[in-house]
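Taking it in order: structure first as structure tokens, then the write-up.
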Amino acid sequence: MLSWRRRRRLEALSRQGFKMLFLSNLMIFISFGGSYAWVLFRMVRLGRNTPTTAHVRDVLILGKELHDGRADDEFYSRLSRGAALYQQKNIQRLILLGGKTSKSGPTEAEAGRQVLRSLGIPDAAIVLEEGSRHTLENLRNARDLLEEDYQKPVGLISSRYHLARCQSMAEGLGMRVRLIAAESGSMMSHPRPLFMEAWLYHWFLVGQFVAYHFNDRSSIDQIS
């Protein structure tokens, strides 16, 4: 049975999204997995080479599905990285991204704020984005929050395996992001989300290519 959060994500998908999913899976099949392997390699290379610091004014922290209304270890690592950068006087604002994980629980952003408070970050330095259902909405809503500053460099914290897709999506939205890895160690410590993330990233890249190649305005509007 699908969770409430996964049902919300499916509701966010358009007919075009499902069409791109079909094309993405078809490409993986006809390339005997070669296109998927290329995406996976790209993710691993970028993830391993991403630093854990940046000198920017604002930093986006990508949310993650909550467990019993609380941040899990992976989400906590993203939040603690942001807190450390703030305490080092490298940044001024932490922008938490993420809507509801469950129908009755807190948003990912609100749960993140509770963790940041426990780490000594003042509320004045925390901004919440609580309406998004997935990564692309996270970033689109963040762009709206940044207003005219969205084309200035902004930090983006997420797990190493997640950074490549975040970068491609943010750049498609016209944002200039400075990637910051949440973990100090190798991202290969998370093999299961790594392989799932490669599939999601492949889906996005295929959809992006098809949209611009065929000048599909409805699809372009969703990713730009």
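Residues in the structure tokens are named by chain (A, B, ... in the order shown) and by number from 1 within that chain; ligands are numbered from 1 in the order shown.
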Within 12 Å of region 101-123 of chain A, which residues of region 43-62 of chain A come that close, and what is the closest atom pair and distance in Å for each? Count only C-alpha atoms and give it as a tab-separated table.
```
residue	atom	partner	partner_atom	distance
A:Leu60	CA	A:Ala109	CA	10.9
A:Ile61	CA	A:Ala109	CA	8.9
A:Leu62	CA	A:Ala109	CA	8.7
```
For this session: Return as a PyMOL selection string the full set of residues in chain A whose backbone-based DSSP assignment is alpha helix (DSSP H).
Result: chain A and resi 4-12+15-30+34-49+73-87+108-118+135-146+163-172+191-213+217-223
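Closest approach to Leu21 (chain A) among A:Ile180, A:Leu173, A:Leu66, A:Leu200: A:Leu200, based on only C-alpha atoms.
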Please identify the strand (DSSP E or B) residues within region 44-217 of chain A (assignment by DSSP from backbone atoms) and present them as an mmCIF file with N, CA and C atoms, in the first residue's frame.
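File produced: selection-v6.cif:
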```
data_model
loop_
_atom_site.group_PDB
_atom_site.id
_atom_site.type_symbol
_atom_site.label_atom_id
_atom_site.label_comp_id
_atom_site.auth_asym_id
_atom_site.auth_seq_id
_atom_site.Cartn_x
_atom_site.Cartn_y
_atom_site.Cartn_z
ATOM 1 N N ASP A 58 23.057 32.603 1.461
ATOM 2 C CA ASP A 58 21.928 31.719 1.752
ATOM 3 C C ASP A 58 22.255 30.282 1.385
ATOM 4 N N VAL A 59 21.712 29.357 2.156
ATOM 5 C CA VAL A 59 21.899 27.928 1.881
ATOM 6 C C VAL A 59 20.553 27.229 1.930
ATOM 7 N N LEU A 60 20.271 26.462 0.887
ATOM 8 C CA LEU A 60 19.083 25.617 0.844
ATOM 9 C C LEU A 60 19.416 24.260 1.439
ATOM 10 N N ILE A 61 18.525 23.751 2.286
ATOM 11 C CA ILE A 61 18.694 22.403 2.835
ATOM 12 C C ILE A 61 17.520 21.560 2.360
ATOM 13 N N LEU A 62 17.810 20.551 1.560
ATOM 14 C CA LEU A 62 16.765 19.693 1.020
ATOM 15 C C LEU A 62 16.186 18.804 2.112
ATOM 16 N N HIS A 67 10.256 10.157 9.769
ATOM 17 C CA HIS A 67 9.860 8.888 10.375
ATOM 18 C C HIS A 67 9.274 9.195 11.747
ATOM 19 N N ARG A 70 9.812 12.753 12.733
ATOM 20 C CA ARG A 70 11.154 13.217 13.085
ATOM 21 C C ARG A 70 12.133 12.994 11.935
ATOM 22 N N ARG A 93 21.584 32.748 6.168
ATOM 23 C CA ARG A 93 20.238 32.167 6.257
ATOM 24 C C ARG A 93 20.261 30.708 5.838
ATOM 25 N N LEU A 94 19.474 29.904 6.544
ATOM 26 C CA LEU A 94 19.256 28.504 6.198
ATOM 27 C C LEU A 94 17.804 28.371 5.748
ATOM 28 N N ILE A 95 17.607 27.939 4.514
ATOM 29 C CA ILE A 95 16.264 27.814 3.951
ATOM 30 C C ILE A 95 15.915 26.338 3.879
ATOM 31 N N LEU A 96 14.960 25.916 4.699
ATOM 32 C CA LEU A 96 14.574 24.514 4.794
ATOM 33 C C LEU A 96 13.452 24.211 3.812
ATOM 34 N N LEU A 97 13.631 23.165 3.017
ATOM 35 C CA LEU A 97 12.683 22.833 1.956
ATOM 36 C C LEU A 97 12.007 21.496 2.223
ATOM 37 N N LYS A 100 4.710 18.154 3.697
ATOM 38 C CA LYS A 100 4.274 17.126 4.643
ATOM 39 C C LYS A 100 4.689 15.718 4.199
ATOM 40 N N THR A 107 5.575 19.292 8.712
ATOM 41 C CA THR A 107 6.270 19.297 7.429
ATOM 42 C C THR A 107 7.742 18.957 7.663
ATOM 43 N N ILE A 126 16.417 31.158 10.090
ATOM 44 C CA ILE A 126 15.766 30.008 9.464
ATOM 45 C C ILE A 126 14.564 30.453 8.657
ATOM 46 N N VAL A 127 14.479 29.983 7.422
ATOM 47 C CA VAL A 127 13.340 30.250 6.547
ATOM 48 C C VAL A 127 12.741 28.911 6.141
ATOM 49 N N LEU A 128 11.404 28.809 6.155
ATOM 50 C CA LEU A 128 10.733 27.552 5.833
ATOM 51 C C LEU A 128 10.027 27.627 4.488
ATOM 52 N N GLU A 129 10.129 26.557 3.708
ATOM 53 C CA GLU A 129 9.327 26.324 2.509
ATOM 54 C C GLU A 129 8.598 25.028 2.763
ATOM 55 N N VAL A 154 23.847 30.493 -4.521
ATOM 56 C CA VAL A 154 23.199 30.032 -3.294
ATOM 57 C C VAL A 154 23.709 28.630 -3.000
ATOM 58 N N GLY A 155 23.948 28.347 -1.735
ATOM 59 C CA GLY A 155 24.400 27.017 -1.363
ATOM 60 C C GLY A 155 23.253 26.023 -1.379
ATOM 61 N N LEU A 156 23.565 24.759 -1.612
ATOM 62 C CA LEU A 156 22.559 23.700 -1.610
ATOM 63 C C LEU A 156 23.137 22.478 -0.921
ATOM 64 N N ILE A 157 22.536 22.136 0.211
ATOM 65 C CA ILE A 157 22.991 20.983 0.985
ATOM 66 C C ILE A 157 22.065 19.808 0.763
ATOM 67 N N SER A 158 22.655 18.677 0.414
ATOM 68 C CA SER A 158 21.906 17.427 0.385
ATOM 69 C C SER A 158 22.894 16.275 0.515
ATOM 70 N N VAL A 177 23.702 27.368 -8.160
ATOM 71 C CA VAL A 177 23.877 26.702 -6.868
ATOM 72 C C VAL A 177 25.336 26.310 -6.652
ATOM 73 N N ARG A 178 25.727 26.371 -5.381
ATOM 74 C CA ARG A 178 27.028 25.868 -4.943
ATOM 75 C C ARG A 178 26.735 24.623 -4.104
ATOM 76 N N LEU A 179 27.058 23.476 -4.648
ATOM 77 C CA LEU A 179 26.727 22.227 -3.969
ATOM 78 C C LEU A 179 27.572 22.042 -2.715
ATOM 79 N N ILE A 180 26.915 21.527 -1.661
ATOM 80 C CA ILE A 180 27.576 21.246 -0.384
ATOM 81 C C ILE A 180 27.136 19.858 0.059
ATOM 82 N N ALA A 181 28.075 18.978 0.286
ATOM 83 C CA ALA A 181 27.744 17.615 0.701
ATOM 84 C C ALA A 181 27.449 17.564 2.194
#
```
Could you produce a table of the residues of region 163-186 of chain A lying within 12 Å of region 202-209 of chain A, with the nearest pair of atoms per residue and their separation in Å rounded to one decimal, using only C-alpha atoms, ordered by chain and increasing residue number, as a Markdown table?
```
| residue | atom | partner | partner_atom | distance |
| --- | --- | --- | --- | --- |
| A:Ala164 | CA | A:His202 | CA | 10.7 |
| A:Arg165 | CA | A:Phe204 | CA | 7.9 |
| A:Cys166 | CA | A:Phe204 | CA | 10.5 |
| A:Gln167 | CA | A:Leu205 | CA | 11.7 |
| A:Ser168 | CA | A:Leu205 | CA | 8.3 |
| A:Met169 | CA | A:Phe204 | CA | 8.3 |
| A:Glu171 | CA | A:Gln208 | CA | 11.7 |
| A:Gly172 | CA | A:Gln208 | CA | 8.8 |
| A:Leu173 | CA | A:Gln208 | CA | 11.7 |
```
